[in-house]
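Colleague: TSV, C-alpha atoms and all ligand atoms, file query-v1.tsv:
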```tsv
chain	number	residue	atom	x	y	z
A	1	MET	CA	99.26	105.17	107.46
A	2	GLU	CA	97.93	107.70	109.96
A	3	ASN	CA	101.24	108.04	111.74
A	4	HIS	CA	103.16	108.73	108.61
A	5	THR	CA	100.72	111.15	107.04
A	6	LYS	CA	100.27	113.11	110.26
A	7	ASP	CA	104.01	113.45	110.60
A	8	SER	CA	104.61	117.07	109.61
A	9	THR	CA	108.10	116.29	108.29
A	10	MET	CA	106.54	114.01	105.67
A	11	LYS	CA	105.40	115.89	102.63
A	12	VAL	CA	102.95	114.60	100.08
A	13	SER	CA	104.10	115.01	96.53
A	14	SER	CA	101.97	116.54	93.80
A	15	LEU	CA	102.70	115.06	90.42
A	16	ASN	CA	101.55	115.95	86.93
A	17	CYS	CA	98.70	113.89	85.60
A	18	ILE	CA	98.69	112.72	82.00
A	19	ASP	CA	95.27	111.96	80.58
A	20	LEU	CA	95.62	109.46	77.73
A	21	ALA	CA	92.12	110.30	76.50
A	22	ASN	CA	92.91	114.00	76.13
A	23	ASP	CA	92.85	115.09	72.49
A	24	ASP	CA	95.13	118.02	73.22
A	25	LEU	CA	98.35	116.17	72.43
A	26	TYR	CA	100.39	119.34	72.74
A	27	HIS	CA	99.26	119.76	76.34
A	28	SER	CA	99.92	116.10	77.23
A	29	VAL	CA	103.41	116.17	75.75
A	30	ALA	CA	104.29	119.44	77.50
A	31	SER	CA	103.07	118.10	80.83
A	32	LEU	CA	104.93	114.81	80.38
A	33	LYS	CA	108.09	116.65	79.41
A	34	GLN	CA	107.95	118.89	82.44
A	35	ALA	CA	107.45	115.89	84.76
A	36	SER	CA	110.27	113.98	83.06
A	37	LEU	CA	112.71	116.87	83.44
A	38	ASP	CA	111.68	117.46	87.04
A	39	CYS	CA	111.54	114.00	88.63
A	40	GLY	CA	110.38	111.41	86.10
A	41	PHE	CA	107.24	110.57	88.13
A	42	PHE	CA	103.69	111.28	86.95
A	43	TYR	CA	100.19	109.83	87.05
A	44	VAL	CA	98.51	108.37	83.99
A	45	ILE	CA	94.70	108.32	83.84
A	46	ASN	CA	92.12	107.23	81.28
A	47	HIS	CA	94.42	104.47	80.10
A	48	GLY	CA	91.56	102.20	79.11
A	49	ILE	CA	92.11	99.40	81.64
A	50	ASN	CA	88.82	98.67	83.22
A	51	GLU	CA	88.57	99.23	86.97
A	52	GLU	CA	86.75	95.95	87.64
A	53	PHE	CA	89.40	94.02	85.77
A	54	MET	CA	92.07	95.75	87.87
A	55	GLU	CA	90.26	94.55	90.98
A	56	ASP	CA	90.29	90.98	89.64
A	57	VAL	CA	94.03	91.19	89.09
A	58	PHE	CA	94.58	92.33	92.68
A	59	GLU	CA	92.20	89.62	93.97
A	60	GLN	CA	94.14	86.95	92.10
A	61	SER	CA	97.42	88.37	93.36
A	62	LYS	CA	96.14	88.15	96.94
A	63	LYS	CA	95.10	84.54	96.39
A	64	PHE	CA	98.57	83.61	95.27
A	65	PHE	CA	100.32	85.20	98.24
A	66	ALA	CA	97.81	83.61	100.62
A	67	LEU	CA	98.99	80.12	99.56
A	68	PRO	CA	101.23	78.17	101.95
A	69	LEU	CA	104.94	78.94	101.47
A	70	GLU	CA	105.52	75.37	100.32
A	71	GLU	CA	103.11	75.89	97.41
A	72	LYS	CA	104.71	79.22	96.47
A	73	MET	CA	108.19	77.69	96.55
A	74	LYS	CA	107.08	75.29	93.79
A	75	VAL	CA	107.19	78.26	91.42
A	76	LEU	CA	110.34	79.84	92.82
A	77	ARG	CA	111.92	82.27	90.37
A	78	ASN	CA	114.13	80.70	87.74
A	79	GLU	CA	117.31	81.87	86.03
A	80	LYS	CA	115.18	83.88	83.56
A	81	HIS	CA	113.83	86.05	86.38
A	82	ARG	CA	110.33	84.57	86.32
A	83	GLY	CA	108.31	83.25	89.24
A	84	TYR	CA	108.11	83.68	93.02
A	85	THR	CA	110.54	85.82	95.00
A	86	PRO	CA	110.39	85.18	98.76
A	87	VAL	CA	110.67	87.80	101.52
A	88	LEU	CA	114.19	89.37	101.67
A	89	ASP	CA	115.11	88.00	98.23
A	90	GLU	CA	115.80	91.46	96.88
A	91	LYS	CA	118.00	94.06	98.56
A	92	LEU	CA	117.75	97.34	96.73
A	93	ASP	CA	119.70	99.59	99.08
A	94	PRO	CA	122.50	97.55	100.67
A	95	LYS	CA	124.10	100.64	102.25
A	96	ASN	CA	121.04	101.38	104.38
A	97	GLN	CA	119.27	98.03	104.71
A	98	VAL	CA	120.20	95.41	107.30
A	99	ASN	CA	118.29	92.66	105.51
A	100	GLY	CA	116.52	92.57	102.19
A	101	ASP	CA	113.14	94.08	101.29
A	102	HIS	CA	110.16	93.00	103.39
A	103	LYS	CA	108.10	91.98	100.40
A	104	GLU	CA	107.29	88.91	98.35
A	105	GLY	CA	106.94	89.03	94.61
A	106	TYR	CA	106.03	87.17	91.46
A	107	TYR	CA	107.69	88.06	88.16
A	108	ILE	CA	105.80	87.45	84.91
A	109	GLY	CA	107.41	88.25	81.57
A	110	ILE	CA	106.48	87.91	77.93
A	111	GLU	CA	105.92	84.23	77.20
A	112	VAL	CA	108.51	83.13	74.64
A	113	PRO	CA	108.13	79.50	73.53
A	114	LYS	CA	111.10	77.13	73.39
A	115	ASP	CA	111.13	77.07	69.60
A	116	ASP	CA	111.55	80.85	69.36
A	117	PRO	CA	115.01	81.78	68.03
A	118	HIS	CA	115.41	84.24	70.90
A	119	TRP	CA	114.47	81.78	73.61
A	120	ASP	CA	117.99	81.54	75.03
A	121	LYS	CA	118.21	85.25	75.84
A	122	PRO	CA	118.39	86.06	79.57
A	123	PHE	CA	115.04	87.86	79.89
A	124	TYR	CA	112.96	85.79	77.42
A	125	GLY	CA	111.48	82.39	78.07
A	126	PRO	CA	108.45	80.63	79.47
A	127	ASN	CA	106.83	81.67	82.75
A	128	PRO	CA	106.31	79.18	85.56
A	129	TRP	CA	102.59	79.22	86.50
A	130	PRO	CA	100.87	78.14	89.70
A	131	ASP	CA	98.86	74.97	89.34
A	132	ALA	CA	95.57	75.78	87.54
A	133	ASP	CA	93.70	73.48	89.95
A	134	VAL	CA	94.93	75.52	92.88
A	135	LEU	CA	94.32	78.95	91.29
A	136	PRO	CA	91.82	78.61	88.44
A	137	GLY	CA	91.87	81.44	85.90
A	138	TRP	CA	95.01	82.92	87.42
A	139	ARG	CA	97.25	82.61	84.41
A	140	GLU	CA	94.60	84.00	82.04
A	141	THR	CA	94.03	87.05	84.26
A	142	MET	CA	97.75	87.78	84.51
A	143	GLU	CA	98.36	87.31	80.80
A	144	LYS	CA	95.54	89.65	79.98
A	145	TYR	CA	96.86	92.28	82.38
A	146	HIS	CA	100.33	91.95	80.86
A	147	GLN	CA	98.91	92.61	77.40
A	148	GLU	CA	96.87	95.58	78.53
A	149	ALA	CA	99.72	97.18	80.47
A	150	LEU	CA	101.97	96.76	77.45
A	151	ARG	CA	99.43	98.56	75.29
A	152	VAL	CA	99.38	101.47	77.75
A	153	SER	CA	103.19	101.49	77.83
A	154	MET	CA	103.31	101.81	74.05
A	155	ALA	CA	100.98	104.80	74.23
A	156	ILE	CA	103.22	106.44	76.85
A	157	GLY	CA	106.24	105.55	74.67
A	158	LYS	CA	104.73	107.67	71.89
A	159	LEU	CA	104.34	110.66	74.19
A	160	LEU	CA	107.87	110.20	75.48
A	161	ALA	CA	109.18	110.17	71.91
A	162	LEU	CA	107.39	113.46	71.20
A	163	ALA	CA	108.63	114.96	74.46
A	164	LEU	CA	112.16	114.08	73.32
A	165	ASP	CA	111.58	115.69	69.89
A	166	LEU	CA	111.76	112.30	68.21
A	167	ASP	CA	109.40	110.83	65.66
A	168	VAL	CA	106.19	109.69	67.36
A	169	LYS	CA	106.95	106.06	66.41
A	170	TYR	CA	110.63	106.21	67.36
A	171	PHE	CA	110.36	103.70	70.22
A	172	ASP	CA	107.96	101.41	68.30
A	173	ARG	CA	110.79	99.79	66.31
A	174	THR	CA	111.49	96.09	66.77
A	175	GLU	CA	114.82	96.75	68.44
A	176	MET	CA	113.03	98.94	70.99
A	177	LEU	CA	109.45	98.54	72.20
A	178	GLY	CA	108.35	96.57	69.12
A	179	LYS	CA	109.81	93.43	70.75
A	180	PRO	CA	110.45	94.60	74.29
A	181	ILE	CA	111.41	93.08	77.59
A	182	ALA	CA	108.33	93.70	79.71
A	183	THR	CA	107.98	92.22	83.16
A	184	MET	CA	105.12	92.63	85.58
A	185	ARG	CA	105.67	91.92	89.22
A	186	LEU	CA	103.01	91.15	91.75
A	187	LEU	CA	104.10	92.40	95.17
A	188	ARG	CA	102.88	91.93	98.72
A	189	TYR	CA	104.39	94.05	101.47
A	190	GLN	CA	104.04	93.20	105.14
A	191	GLY	CA	105.39	94.56	108.41
A	192	ILE	CA	106.44	97.91	109.75
A	193	SER	CA	109.45	99.71	108.35
A	194	ASP	CA	111.92	101.45	110.61
A	195	PRO	CA	114.50	103.50	108.71
A	196	SER	CA	116.42	104.14	111.96
A	197	LYS	CA	117.00	100.38	112.16
A	198	GLY	CA	117.58	99.83	108.45
A	199	ILE	CA	114.26	98.01	107.98
A	200	TYR	CA	112.40	98.84	104.76
A	201	ALA	CA	109.48	97.34	102.86
A	202	CYS	CA	111.44	98.28	99.75
A	203	GLY	CA	114.84	99.94	99.94
A	204	ALA	CA	115.68	103.19	98.16
A	205	HIS	CA	116.43	102.66	94.48
A	206	SER	CA	115.77	103.98	91.02
A	207	ASP	CA	114.27	101.57	88.51
A	208	PHE	CA	116.61	99.90	86.06
A	209	GLY	CA	114.78	100.15	82.78
A	210	MET	CA	112.96	102.54	80.53
A	211	MET	CA	109.70	103.13	82.42
A	212	THR	CA	107.56	101.52	85.11
A	213	LEU	CA	103.77	101.56	85.33
A	214	LEU	CA	102.81	101.08	88.95
A	215	ALA	CA	99.36	99.96	90.04
A	216	THR	CA	98.76	99.97	93.79
A	217	ASP	CA	95.94	99.29	96.20
A	218	GLY	CA	94.81	102.22	98.36
A	219	VAL	CA	97.48	101.78	101.02
A	220	MET	CA	100.02	104.61	101.26
A	221	GLY	CA	103.69	103.62	101.30
A	222	LEU	CA	105.58	104.83	98.23
A	223	GLN	CA	107.93	107.76	98.74
A	224	ILE	CA	110.19	109.65	96.36
A	225	CYS	CA	113.32	111.70	96.97
A	226	LYS	CA	113.75	114.32	94.28
A	227	ASP	CA	117.32	115.21	95.22
A	228	LYS	CA	119.39	112.19	96.14
A	229	ASN	CA	122.39	114.37	97.04
A	230	ALA	CA	120.60	116.50	99.64
A	231	THR	CA	121.54	115.92	103.26
A	232	PRO	CA	119.37	114.98	104.95
A	233	GLN	CA	117.36	113.48	102.12
A	234	LYS	CA	113.77	114.71	101.87
A	235	TRP	CA	111.15	112.04	101.23
A	236	GLU	CA	107.66	112.78	99.93
A	237	TYR	CA	104.76	110.36	99.82
A	238	VAL	CA	103.16	109.66	96.46
A	239	PRO	CA	99.49	109.07	97.28
A	240	PRO	CA	97.67	106.46	95.20
A	241	ILE	CA	94.86	107.79	92.97
A	242	LYS	CA	92.12	105.29	92.23
A	243	GLY	CA	92.26	104.09	88.65
A	244	ALA	CA	95.57	105.88	87.90
A	245	PHE	CA	98.97	104.43	87.21
A	246	ILE	CA	101.95	106.01	88.91
A	247	VAL	CA	104.51	106.03	86.12
A	248	ASN	CA	108.20	106.55	86.63
A	249	LEU	CA	111.15	106.70	84.28
A	250	GLY	CA	114.08	104.36	84.84
A	251	ASP	CA	117.85	104.61	84.70
A	252	MET	CA	118.06	103.26	81.17
A	253	LEU	CA	115.96	106.14	79.85
A	254	GLU	CA	117.97	108.64	81.90
A	255	ARG	CA	121.07	107.24	80.21
A	256	TRP	CA	119.47	107.11	76.78
A	257	SER	CA	118.40	110.76	77.08
A	258	ASN	CA	121.86	111.86	78.26
A	259	GLY	CA	120.56	112.66	81.74
A	260	PHE	CA	117.85	114.93	80.34
A	261	PHE	CA	114.95	112.83	81.67
A	262	LYS	CA	115.15	111.86	85.32
A	263	SER	CA	115.02	108.54	87.08
A	264	THR	CA	114.24	109.36	90.68
A	265	LEU	CA	115.08	107.57	93.90
A	266	HIS	CA	112.08	105.98	95.59
A	267	ARG	CA	111.29	103.50	98.37
A	268	VAL	CA	108.37	101.94	100.21
A	269	LEU	CA	107.70	102.19	103.95
A	270	GLY	CA	105.44	99.62	105.56
A	271	ASN	CA	103.01	100.76	108.25
A	272	GLY	CA	101.87	97.36	109.43
A	273	GLN	CA	99.01	97.12	106.96
A	274	GLU	CA	99.33	94.62	104.16
A	275	ARG	CA	100.01	96.43	100.88
A	276	TYR	CA	99.73	95.07	97.34
A	277	SER	CA	101.20	96.65	94.26
A	278	ILE	CA	102.01	95.66	90.68
A	279	PRO	CA	104.88	97.39	88.92
A	280	PHE	CA	105.13	96.76	85.18
A	281	PHE	CA	108.72	97.23	84.05
A	282	VAL	CA	109.24	98.17	80.43
A	283	GLU	CA	112.59	97.96	78.66
A	284	PRO	CA	113.54	97.90	75.00
A	285	ASN	CA	114.63	94.77	73.17
A	286	HIS	CA	117.48	92.63	74.55
A	287	ASP	CA	119.77	93.70	71.75
A	288	CYS	CA	118.92	97.39	71.83
A	289	LEU	CA	122.04	99.49	72.08
A	290	VAL	CA	121.23	102.17	74.61
A	291	GLU	CA	123.28	105.10	73.39
A	292	CYS	CA	122.61	108.84	73.52
A	293	LEU	CA	119.44	109.64	71.54
A	294	PRO	CA	120.01	111.84	68.48
A	295	THR	CA	118.06	114.76	69.95
A	296	CYS	CA	119.84	114.72	73.31
A	297	LYS	CA	123.33	115.67	72.24
A	298	SER	CA	124.97	118.72	70.71
A	299	GLU	CA	128.43	120.17	70.42
A	300	SER	CA	128.09	121.64	73.87
A	301	ASP	CA	126.28	118.62	75.28
A	302	LEU	CA	128.28	115.53	74.43
A	303	PRO	CA	127.11	112.03	75.37
A	304	LYS	CA	127.85	111.43	79.05
A	305	TYR	CA	127.51	107.63	79.11
A	306	PRO	CA	129.08	104.95	76.93
A	307	PRO	CA	126.63	102.88	74.87
A	308	ILE	CA	125.51	99.63	76.51
A	309	LYS	CA	123.37	96.73	75.35
A	310	CYS	CA	120.03	96.60	77.14
A	311	SER	CA	120.36	92.98	78.30
A	312	THR	CA	123.92	93.49	79.56
A	313	TYR	CA	122.81	96.47	81.61
A	314	LEU	CA	119.74	94.74	83.02
A	315	THR	CA	121.55	91.50	83.86
A	316	GLN	CA	124.08	93.49	85.84
A	317	ARG	CA	121.37	95.34	87.80
A	318	TYR	CA	119.42	92.15	88.58
A	319	GLU	CA	122.56	90.42	89.80
A	320	GLU	CA	123.48	93.30	92.06
A	321	THR	CA	120.08	93.33	93.75
A	322	HIS	CA	118.82	89.74	93.95
A	323	ALA	CA	119.99	86.85	96.12
A	324	LYS	CA	121.84	84.02	94.40
A	325	LEU	CA	119.40	81.29	93.41
A	326	SER	CA	121.74	78.65	94.85
A	327	ILE	CA	120.84	79.70	98.43
A	328	TYR	CA	117.35	78.26	97.95
A	329	HIS	CA	118.56	75.06	96.39
A	330	GLN	CA	120.91	74.40	99.30
A	331	GLN	CA	117.93	74.55	101.65
A	332	THR	CA	115.76	72.14	99.72
B	1	LIG	C1	109.60	98.67	92.50
B	1	LIG	C2	108.92	99.73	93.26
B	1	LIG	C3	106.97	100.47	94.46
B	1	LIG	C4	105.71	99.94	95.05
B	1	LIG	O1	109.17	97.51	92.59
B	1	LIG	O2	110.58	98.99	91.79
B	1	LIG	O3	109.44	100.81	93.34
B	1	LIG	O4	104.89	100.74	95.47
B	1	LIG	N1	107.73	99.46	93.81
B	1	LIG	O5	105.55	98.73	95.10
B	2	NI	NI	110.95	101.00	91.86
```
Please rewrite the model in this file as C-alpha cells.
Modeller:
Amino acid sequence: MENHTKDSTMKVSSLNCIDLANDDLYHSVASLKQASLDCGFFYVINHGINEEFMEDVFEQSKKFFALPLEEKMKVLRNEKHRGYTPVLDEKLDPKNQVNGDHKEGYYIGIEVPKDDPHWDKPFYGPNPWPDADVLPGWRETMEKYHQEALRVSMAIGKLLALALDLDVKYFDRTEMLGKPIATMRLLRYQGISDPSKGIYACGAHSDFGMMTLLATDGVMGLQICKDKNATPQKWEYVPPIKGAFIVNLGDMLERWSNGFFKSTLHRVLGNGQERYSIPFFVEPNHDCLVECLPTCKSESDLPKYPPIKCSTYLTQRYEETHAKLSIYHQQT
C-alpha cells in the first residue's frame, strides 16, 4: 500500500458521501445526482448494518477462502452463477490482461426454491453452500448479509429514482427491484499487480448491472478512471472508509438513463497484502425491459440504446468475462 500511495502520480479520489440517516432528503438527492452525473461512485454511510456484524461476515469469508482448494472445488460455481470461482476464472479486461483476475470469489444469489415458477431463469435458483460441519453458521451469516444489503439497495434505489425525477417508488415495482436479481460476491485478492506486465488483481471494467454496494476491508486497492478515453488513462485510488459502502452505478443504469448517469471504469491493484471485499450486485428483475426511462428523453435527446431484457444483457456480460465451466470438468 505504501508504495502506491506514496507514488505522486497516483491520486486519491474524493467522492460524495450520502448519509442514509440524514433527514434532509433534498440534500441527499442533490448530492447523489451530482455524483451520478460525474462518475457514478459515492460513499454511503449510516446504512444501518451493524459494524460488528460486518466483521463477522468478513471473518466467515476468510474462513471459507482458507479451506483447502479441494474443499472449495466441491462448491464450484454452477450454471446459475452461484458458488466458488477459482483464481483466474474471471477476465474483465482481456485487452490488457495476460491471464485472468488474481482473485477468488464466491457468488451468492437470492435463494429460489425448485418449486418456484421462475426457478428455470438463468440468475435464479438455489445456492450451493459449504458443508455446515466444516463452516458452522456460515450460510446463516451470508443469508442475513444478503437481506441487509438488499434493504440498503432499496433505500438507495429510492434516492436514485428521485435524482432521476421519477416517483420515489419507481424502482420498487415487481418487474424492477421488487423481485430483483441480487448477487453478493465474497472476494479474496492475493499477489502483486504489475500493469506493465498485464497482471491485475481485477482488470479494468465497469459493472454490468444497476448498482453495486462494495464493502471492503481496510486494504487499499480499488482505483477508478473517470475518463476512459483519456490517453494516458488517469487512475485514482478510492480509499476505504470504515463502516461505509462504496457504491457505484453499473452499465445497465447508464443505459436505462440514456447515458445521463455514469458507470465508471474501475480496477483493483494488489500490493502483496491479502485483500477481502464483498461487492453486492443489484439488477432489476430478469424480465425487466431496460429501455430509456421516461424522464431521460426529449425531442432533442432521443434514446441512444435499443431496449434489452435484463437477463439477456446480463447473460451476455457473464459469458464474455467468465471461463467456460467445462474447463473445470475436464480436469476432474
Ligand atoms: C467488482 C469490483 C472491486 C473490489 O467485483 O466488480 O469492482 O474492490 N470489485 O473488490
Ligand atoms: Ni466492479
Colleague: For Ala21 in chain A, which residue out of A:Gly157, A:Phe53, A:Arg185, A:Val152 is the nearest one, using only C-alpha atoms?
Modeller: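 The answer is A:Val152, which sits nearest to Ala21 in chain A.
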Colleague: Between A:Asn50, A:Pro294, A:Asn229, A:His205, which has the minimum distance to Pro94 in chain A (counting all atoms listed in the file)?
Modeller: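 Checking each of A:Asn50, A:Pro294, A:Asn229, A:His205 against Pro94 in chain A, counting all atoms listed in the file, the winner is A:His205.
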Colleague: Neighbours of range 272-278 of chain A within 9 Å (only C-alpha atoms; same-chain residues fewer than 3 positions away dropped), as an MDAnalysis selection string?
Modeller: chainID A and resid 1 58 61:62 184:193 213:221
Colleague: Using all atoms listed in the file, which residues of chain A come within 8 Å of ligand NI 2 (chain B), and what is the closest atom pair for each, with the distance in Å to one decimal? Give it as a tab-separated table, sorted by chain and residue number.
Modeller:
```
residue	atom	partner	partner_atom	distance
A:His205	CA	B:NI2	NI	6.3
A:Ser206	CA	B:NI2	NI	5.7
A:Asp207	CA	B:NI2	NI	4.8
A:Thr212	CA	B:NI2	NI	7.6
A:His266	CA	B:NI2	NI	6.3
A:Arg267	CA	B:NI2	NI	7.0
A:Pro279	CA	B:NI2	NI	7.6
```
Colleague: Tell me, as JSON, numbers by chain, which residues lie within 6 Å of Glu283 in chain A, counting only C-alpha atoms; anything in the same chain fewer than 2 positions away does not count.
Modeller: {"A": [180, 181, 209, 210]}
Colleague: Please dump the current selection as a short mmCIF file (atom, residue, chain, number, x, y, z; two decimals), in the frame of the given file; keep C-alpha atoms.
Modeller:
```
data_model
loop_
_atom_site.label_atom_id
_atom_site.label_comp_id
_atom_site.auth_asym_id
_atom_site.auth_seq_id
_atom_site.Cartn_x
_atom_site.Cartn_y
_atom_site.Cartn_z
CA PRO A 180 110.45 94.60 74.29
CA ILE A 181 111.41 93.08 77.59
CA GLY A 209 114.78 100.15 82.78
CA MET A 210 112.96 102.54 80.53
#
```
Colleague: Could you state the separation of CA of Glu319 in chain A and CA of Asn78 in chain A in Å, given to one decimal place?
Modeller: 13.0 Å
Colleague: At what distance in Å, to one decimal, does CA of Glu51 in chain A lie from atom O4 of ligand LIG 1 (chain B)?
Modeller: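 CA of Glu51 in chain A lies at a distance of 18.5 Å from atom O4 of ligand LIG 1 (chain B).
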Colleague: Using all atoms listed in the file, can you tell me which of A:Asn258, A:Ser326, A:Thr315, A:Thr141 comes closest to Cys292 in chain A?
Modeller: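 Using all atoms listed in the file, the shortest distance to Cys292 in chain A belongs to A:Asn258.
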Colleague: Show me, as a PyMOL selection string, the residues that have an atom within 10 Å of range 233-241 of chain A when counting all atoms listed in the file, minus same-chain residues fewer than 2 positions from it.
Modeller: chain A and resi 4-5+9-15+41-45+214-231+243-246+265-269
Colleague: Just give me the gap between CA of Lys242 in chain A and atom O3 of ligand LIG 1 (chain B) in Å, one decimal is fine.
Modeller: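 Going from CA of Lys242 in chain A over to atom O3 of ligand LIG 1 (chain B), I get 17.9 Å.
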Colleague: Show me, as AutoDock Vina command-line options, the centre and edge lengths in Å to one decimal of the axis-aligned box that covers every listed atom of ligand LIG 1 (chain B) with 4 Å on each side.
Modeller:
```
--center_x 107.7 --center_y 99.2 --center_z 93.6 --size_x 13.7 --size_y 11.3 --size_z 11.7
```
Colleague: Excluding range 64-77 of chain A and its own-chain neighbours fewer than 6 positions away, which residues fall within 10 Å of it when counting all atoms listed in the file? Please give them as number ranges by chain.
Modeller: A: 58, 83-86, 104-108, 127-131, 134-135, 138, 186-188, 276, 325, 328, 332
Colleague: Please work out which residues fall within 12 Å of (114.8, 93.4, 105.3), coordinates as given in the file, with all atoms listed in the file counting, and return them as a PyMOL selection string.
Modeller: chain A and resi 86-94+96-104+189-195+197-203+268-270
Colleague: Just checking: using all atoms listed in the file, which residue out of A:Leu20, A:His146, A:Asp251, A:Pro117 ends up closest to ligand LIG 1 (chain B)?
Modeller: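 Selected residue with least distance to ligand LIG 1 (chain B): A:Asp251.
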Colleague: In terms of the shortest atom-to-atom distance over all atoms listed in the file, which of A:Gly250, A:Pro126, A:Gly259, A:Pro307 is closest to ligand LIG 1 (chain B)?
Modeller: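 Checking each of A:Gly250, A:Pro126, A:Gly259, A:Pro307 against ligand LIG 1 (chain B), counting all atoms listed in the file, the winner is A:Gly250.
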Colleague: Any idea what's packed within 8 Å of Leu177 in chain A, counting only C-alpha atoms, ignoring anything in its chain fewer than 3 positions away? Could you give it as an NGL selection string?
Modeller: :A and (154 or 171-174 or 180-181 or 283-285)
Colleague: Choose the residue, out of A:Tyr313, A:Phe261, A:Tyr318, A:Phe208, that has the smallest atom-to-atom separation from ligand LIG 1 (chain B); count only C-alpha atoms and all ligand atoms.
Modeller: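 Counting only C-alpha atoms and all ligand atoms, the residue closest to ligand LIG 1 (chain B) is A:Phe208.
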Colleague: Please write as a list of chain:residue names the list of polymer residues whose atoms come within 12 Å of (126.9, 95.8, 76.1), counting only C-alpha atoms and keeping to the coordinates of the file.
Modeller: A:His286, A:Asp287, A:Cys288, A:Leu289, A:Val290, A:Glu291, A:Pro306, A:Pro307, A:Ile308, A:Lys309, A:Cys310, A:Ser311, A:Thr312, A:Tyr313, A:Leu314, A:Thr315, A:Gln316
